[in-house]
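Novice: Structure file protein-v4.tsv, TSV, C-alpha atoms and all ligand atoms, is pasted below:
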chain	number	residue	atom	x	y	z
A	1	MET	CA	-26.23	15.54	-31.43
A	2	ARG	CA	-26.90	13.04	-28.67
A	3	LYS	CA	-27.20	14.56	-25.22
A	4	ILE	CA	-24.72	13.12	-22.80
A	5	ARG	CA	-26.26	12.88	-19.38
A	6	GLU	CA	-24.23	13.09	-16.29
A	7	LEU	CA	-24.19	9.85	-14.30
A	8	LYS	CA	-25.21	10.43	-10.71
A	9	VAL	CA	-25.34	8.14	-7.71
A	10	LYS	CA	-28.62	6.28	-8.04
A	11	PRO	CA	-31.65	7.24	-5.92
A	12	ILE	CA	-32.61	5.02	-3.03
A	13	LYS	CA	-36.07	3.76	-2.08
A	14	ASN	CA	-35.93	4.00	1.70
A	15	GLY	CA	-33.25	5.21	4.06
A	16	THR	CA	-31.01	8.18	4.73
A	17	VAL	CA	-28.94	10.36	2.43
A	18	ILE	CA	-26.17	12.38	4.06
A	19	ASP	CA	-25.44	15.14	1.57
A	20	HIS	CA	-23.03	18.09	1.45
A	21	ILE	CA	-20.18	16.32	3.23
A	22	PRO	CA	-16.86	18.12	2.61
A	23	ALA	CA	-14.98	16.30	-0.15
A	24	GLY	CA	-12.82	13.52	1.24
A	25	ARG	CA	-14.75	12.96	4.46
A	26	ALA	CA	-17.28	10.32	3.40
A	27	LEU	CA	-15.17	7.54	4.88
A	28	GLN	CA	-15.07	9.31	8.22
A	29	VAL	CA	-18.86	9.50	8.15
A	30	LEU	CA	-18.98	5.75	7.51
A	31	LYS	CA	-16.67	5.17	10.45
A	32	ILE	CA	-19.09	7.06	12.69
A	33	LEU	CA	-22.04	5.02	11.44
A	34	LYS	CA	-20.41	1.60	12.00
A	35	ILE	CA	-22.47	-0.17	9.34
A	36	PRO	CA	-22.95	-3.80	10.42
A	37	GLU	CA	-21.54	-6.45	8.13
A	38	GLY	CA	-24.02	-7.81	5.65
A	39	LYS	CA	-26.88	-5.51	6.56
A	40	ASN	CA	-27.58	-2.12	5.00
A	41	LYS	CA	-26.70	-1.27	1.42
A	42	VAL	CA	-24.49	1.81	1.31
A	43	THR	CA	-23.55	3.89	-1.72
A	44	ILE	CA	-20.88	6.52	-1.53
A	45	GLY	CA	-20.06	9.40	-3.83
A	46	ILE	CA	-16.67	10.97	-3.40
A	47	ASN	CA	-15.69	14.24	-5.10
A	48	MET	CA	-19.13	14.77	-6.65
A	49	GLU	CA	-19.98	18.09	-8.30
A	50	SER	CA	-21.95	20.47	-6.14
A	51	SER	CA	-23.26	23.87	-7.10
A	52	ARG	CA	-22.94	25.04	-3.53
A	53	MET	CA	-19.62	23.49	-2.50
A	54	GLY	CA	-17.70	22.92	-5.73
A	55	ILE	CA	-17.14	19.29	-4.83
A	56	LYS	CA	-18.69	17.23	-2.06
A	57	ASP	CA	-19.09	13.71	-0.76
A	58	ILE	CA	-22.40	11.94	-0.28
A	59	VAL	CA	-23.38	8.81	1.66
A	60	LYS	CA	-26.62	6.88	1.13
A	61	ILE	CA	-27.69	4.19	3.58
A	62	GLU	CA	-30.69	2.08	2.78
A	63	ASN	CA	-33.29	1.11	5.37
A	64	ARG	CA	-31.68	2.97	8.20
A	65	GLU	CA	-32.20	6.24	10.06
A	66	LEU	CA	-29.59	7.90	12.26
A	67	HIS	CA	-29.41	8.20	16.03
A	68	SER	CA	-29.07	11.74	17.38
A	69	GLU	CA	-25.62	10.88	18.74
A	70	GLU	CA	-24.47	9.88	15.26
A	71	VAL	CA	-25.83	13.14	13.83
A	72	ASP	CA	-23.89	15.09	16.50
A	73	GLN	CA	-20.69	13.30	15.53
A	74	ILE	CA	-21.27	13.94	11.84
A	75	ALA	CA	-21.77	17.65	12.63
A	76	LEU	CA	-18.23	17.75	14.00
A	77	ILE	CA	-16.60	16.66	10.74
A	78	ALA	CA	-19.28	17.85	8.28
A	79	PRO	CA	-20.84	20.99	9.80
A	80	LYS	CA	-22.80	21.75	6.62
A	81	ALA	CA	-24.16	18.28	5.98
A	82	THR	CA	-27.83	17.74	5.19
A	83	ILE	CA	-29.60	14.63	6.45
A	84	ASN	CA	-32.41	13.56	4.11
A	85	ILE	CA	-34.88	10.86	5.11
A	86	ILE	CA	-36.16	8.98	2.07
A	87	ARG	CA	-39.41	7.02	2.03
A	88	ASP	CA	-40.68	5.41	-1.13
A	89	TYR	CA	-38.16	7.41	-3.20
A	90	GLU	CA	-39.35	10.77	-1.81
A	91	VAL	CA	-37.43	13.10	0.49
A	92	VAL	CA	-39.84	13.23	3.45
A	93	LYS	CA	-37.55	15.12	5.82
A	94	LYS	CA	-34.51	17.33	5.29
A	95	GLU	CA	-32.44	18.55	8.18
A	96	LYS	CA	-29.18	20.43	8.45
A	97	VAL	CA	-26.86	19.04	11.07
A	98	GLN	CA	-26.29	21.41	13.96
A	99	LEU	CA	-23.11	21.78	15.86
A	100	ARG	CA	-23.88	22.17	19.55
A	101	ASP	CA	-22.17	24.70	21.83
A	102	GLU	CA	-20.77	21.90	23.96
A	103	ILE	CA	-19.68	18.42	22.96
A	104	GLU	CA	-19.82	15.78	25.67
A	105	GLY	CA	-18.35	12.30	25.49
A	106	LEU	CA	-18.15	12.04	21.69
A	107	ILE	CA	-14.41	12.40	21.17
A	108	LYS	CA	-11.29	12.16	23.31
A	109	CYS	CA	-8.91	14.96	24.22
A	110	PRO	CA	-5.60	14.87	22.28
A	111	ASN	CA	-3.64	15.99	25.34
A	112	PRO	CA	-2.21	12.85	26.99
A	113	ASN	CA	-1.88	14.73	30.28
A	114	CYS	CA	-5.51	15.83	30.31
A	115	ILE	CA	-7.44	14.57	33.30
A	116	SER	CA	-10.03	13.13	30.89
A	117	ASN	CA	-7.31	10.69	29.74
A	118	ALA	CA	-6.31	9.64	33.26
A	119	ASP	CA	-6.80	6.11	34.62
A	120	GLU	CA	-10.08	7.04	36.18
A	121	PRO	CA	-11.89	8.14	33.08
A	122	ILE	CA	-14.22	11.09	33.17
A	123	LYS	CA	-16.51	12.00	30.32
A	124	THR	CA	-14.80	14.40	27.92
A	125	LYS	CA	-16.25	17.84	27.39
A	126	PHE	CA	-15.39	20.53	24.85
A	127	TYR	CA	-16.64	24.02	24.15
A	128	VAL	CA	-17.24	24.89	20.52
A	129	VAL	CA	-15.31	28.18	20.28
A	130	ASP	CA	-15.70	28.53	16.52
A	131	LYS	CA	-17.98	26.87	14.00
A	132	GLU	CA	-16.12	27.77	10.80
A	133	PRO	CA	-13.64	26.21	10.81
A	134	VAL	CA	-14.70	24.07	13.75
A	135	THR	CA	-12.53	24.81	16.77
A	136	LEU	CA	-13.03	23.18	20.16
A	137	ARG	CA	-11.57	23.85	23.59
A	138	CYS	CA	-11.24	21.12	26.19
A	139	TYR	CA	-13.21	22.00	29.31
A	140	TYR	CA	-10.56	20.31	31.49
A	141	CYS	CA	-7.15	21.22	30.05
A	142	GLU	CA	-8.14	24.11	27.73
A	143	ARG	CA	-6.32	22.51	24.78
A	144	LEU	CA	-7.54	23.98	21.47
A	145	ILE	CA	-8.52	21.47	18.80
A	146	LYS	CA	-8.67	22.36	15.12
A	147	GLU	CA	-11.09	20.92	12.59
A	148	GLU	CA	-8.43	18.80	10.82
A	149	GLU	CA	-7.54	17.14	14.12
A	150	ILE	CA	-11.04	16.02	15.04
A	151	LYS	CA	-11.07	12.90	12.86
A	152	PHE	CA	-8.26	11.38	14.92
A	153	LEU	CA	-10.15	11.79	18.17
A	154	PHE	CA	-13.09	9.41	17.73
B	201	LIG	N1	-31.91	11.25	-3.02
B	201	LIG	C1	-31.72	9.89	-3.17
B	201	LIG	N2	-32.77	9.05	-3.36
B	201	LIG	C2	-34.03	9.53	-3.44
B	201	LIG	C3	-34.25	10.92	-3.31
B	201	LIG	C4	-33.17	11.76	-3.10
B	201	LIG	O1	-30.58	9.43	-3.10
B	201	LIG	N3	-35.02	8.67	-3.67
B	201	LIG	C5	-30.77	12.13	-2.77
B	201	LIG	C6	-30.52	13.14	-3.85
B	201	LIG	O2	-29.65	12.59	-4.82
B	201	LIG	C7	-29.85	14.27	-3.10
B	201	LIG	C8	-30.44	14.18	-1.70
B	201	LIG	O3	-31.02	12.87	-1.60
B	201	LIG	O4	-28.45	14.07	-3.02
B	201	LIG	C9	-31.49	15.21	-1.43
B	201	LIG	O5	-32.47	15.14	-2.42
B	201	LIG	P1	-33.24	16.44	-2.93
B	201	LIG	O6	-33.75	17.19	-1.76
B	201	LIG	O7	-34.20	16.03	-3.98
B	201	LIG	O8	-32.03	17.20	-3.65
B	201	LIG	P2	-31.66	18.76	-3.60
B	201	LIG	O9	-32.86	19.58	-3.81
B	201	LIG	O10	-30.50	18.93	-4.51
B	201	LIG	O11	-31.17	18.90	-2.10
B	201	LIG	P3	-30.47	20.18	-1.41
B	201	LIG	O12	-31.35	21.35	-1.65
B	201	LIG	O13	-30.38	19.76	0.03
B	201	LIG	O14	-29.11	20.30	-2.06
B	202	ZN	ZN	-8.21	17.98	27.68
Translate the structure described by the file into structure tokens.
Ligand code: CTP
Ligand code: ZN
Specialist:
Amino acid sequence: MRKIRELKVKPIKNGTVIDHIPAGRALQVLKILKIPEGKNKVTIGINMESSRMGIKDIVKIENRELHSEEVDQIALIAPKATINIIRDYEVVKKEKVQLRDEIEGLIKCPNPNCISNADEPIKTKFYVVDKEPVTLRCYYCERLIKEEEIKFLF
């Protein structure tokens, strides 16, 4: 009997693979990366099988590495993501994203009355009070923010 091989997203030659993204969040990752029109090739896998996560999303960007600020933002919505740097088809670096204890300036506070949303803008700041699921607390107004809410705050 002929072996039926599973079709996977094709390997890339050079660039970055963001792996182990919770299923359904690949498009949020793309939003964070703001891929310029007509530049990098991007392949996306949504609801891919994963031995570790059941299902996962994956984003591959050719000829591009990530800025540390982008990695920090990805950590907020995909705390278990792995960032793989690919050179000449080989994984030359593999790094787990790391959620910091404090998040400064990356997202806005959902509380319209928060001083960080006033006319004179001050840089937002949140404490990470829990990492699983991600829970933040605004340094200024103490509003608690749940993981599902974070995607609306970029
Ligand atoms: N990858 C790719 N192109 C390459 C090499 C790897 O797109 N030229 C992708 C793989 O498909 C995988 C990720 O980069 O999704 C990491 O590759 P690798 O470390 O080989 O896979 P795993 O061992 O499964 O990684 P992990 O242990 O992090 O799950
Ligand atoms: Zn606030």
Novice: Would you mind listing what lies within 12 Å of segment 82-90 of chain A as a PyMOL selection string, with all atoms listed in the file counted and same-chain residues fewer than 2 positions away left out?
Specialist: chain A and resi 10-22+56-68+70-72+74-75+78-80+92-98
Novice: Please find the residues contacting ligand ZN 202 (chain B) at a distance of at most 10 Å between atoms, with only C-alpha atoms and all ligand atoms counted, and report them as a ChimeraX atom specification.
Specialist: /A:108-117,124-126,137-145
Novice: Kindly give the distance, in Å, that separates atom CA of Ile32 of chain A and atom CA of Phe154 of chain A, rounded to a single decimal.
Specialist: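 Atom-to-atom, atom CA of Ile32 of chain A to atom CA of Phe154 of chain A, that is 8.2 Å.
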Novice: Residues at most 9 Å from Tyr127 of chain A, counting all atoms listed in the file, excluding those fewer than 4 positions away in the same chain, as a list in words?
Specialist: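 Answer for this query is Arg100, Asp101, Glu102, Ile103, Glu104, Thr135, Leu136, Arg137, Cys138 and Tyr139 of chain A.
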Novice: So how many Å separate atom CA of Pro133 of chain A and atom O3 of ligand LIG 201 (chain B), to one decimal?
Specialist: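 Calculated distance between atom CA of Pro133 of chain A and atom O3 of ligand LIG 201 (chain B) is 25.2 Å.
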Novice: If we count all atoms listed in the file and set the cut-off at 6 Å, which residues sit around segment 147-150 of chain A, ignoring sequence neighbours fewer than 2 positions away in its own chain? Please answer as a PyMOL selection string.
Specialist: chain A and resi 134-135+152-153
Novice: Give the answer as one residue: which of A:Lys151, A:Lys8, A:Lys131, A:Arg25 has the shortest atom-to-atom distance to ligand LIG 201 (chain B), using only C-alpha atoms and all ligand atoms?
Specialist: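 Using only C-alpha atoms and all ligand atoms, the shortest distance to ligand LIG 201 (chain B) belongs to A:Lys8.
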Novice: Taking into account only C-alpha atoms and all ligand atoms, which residue in the set A:Met48, A:Ala118, A:Leu30, A:Val91 is nearest to ligand LIG 201 (chain B)?
Specialist: A:Val91
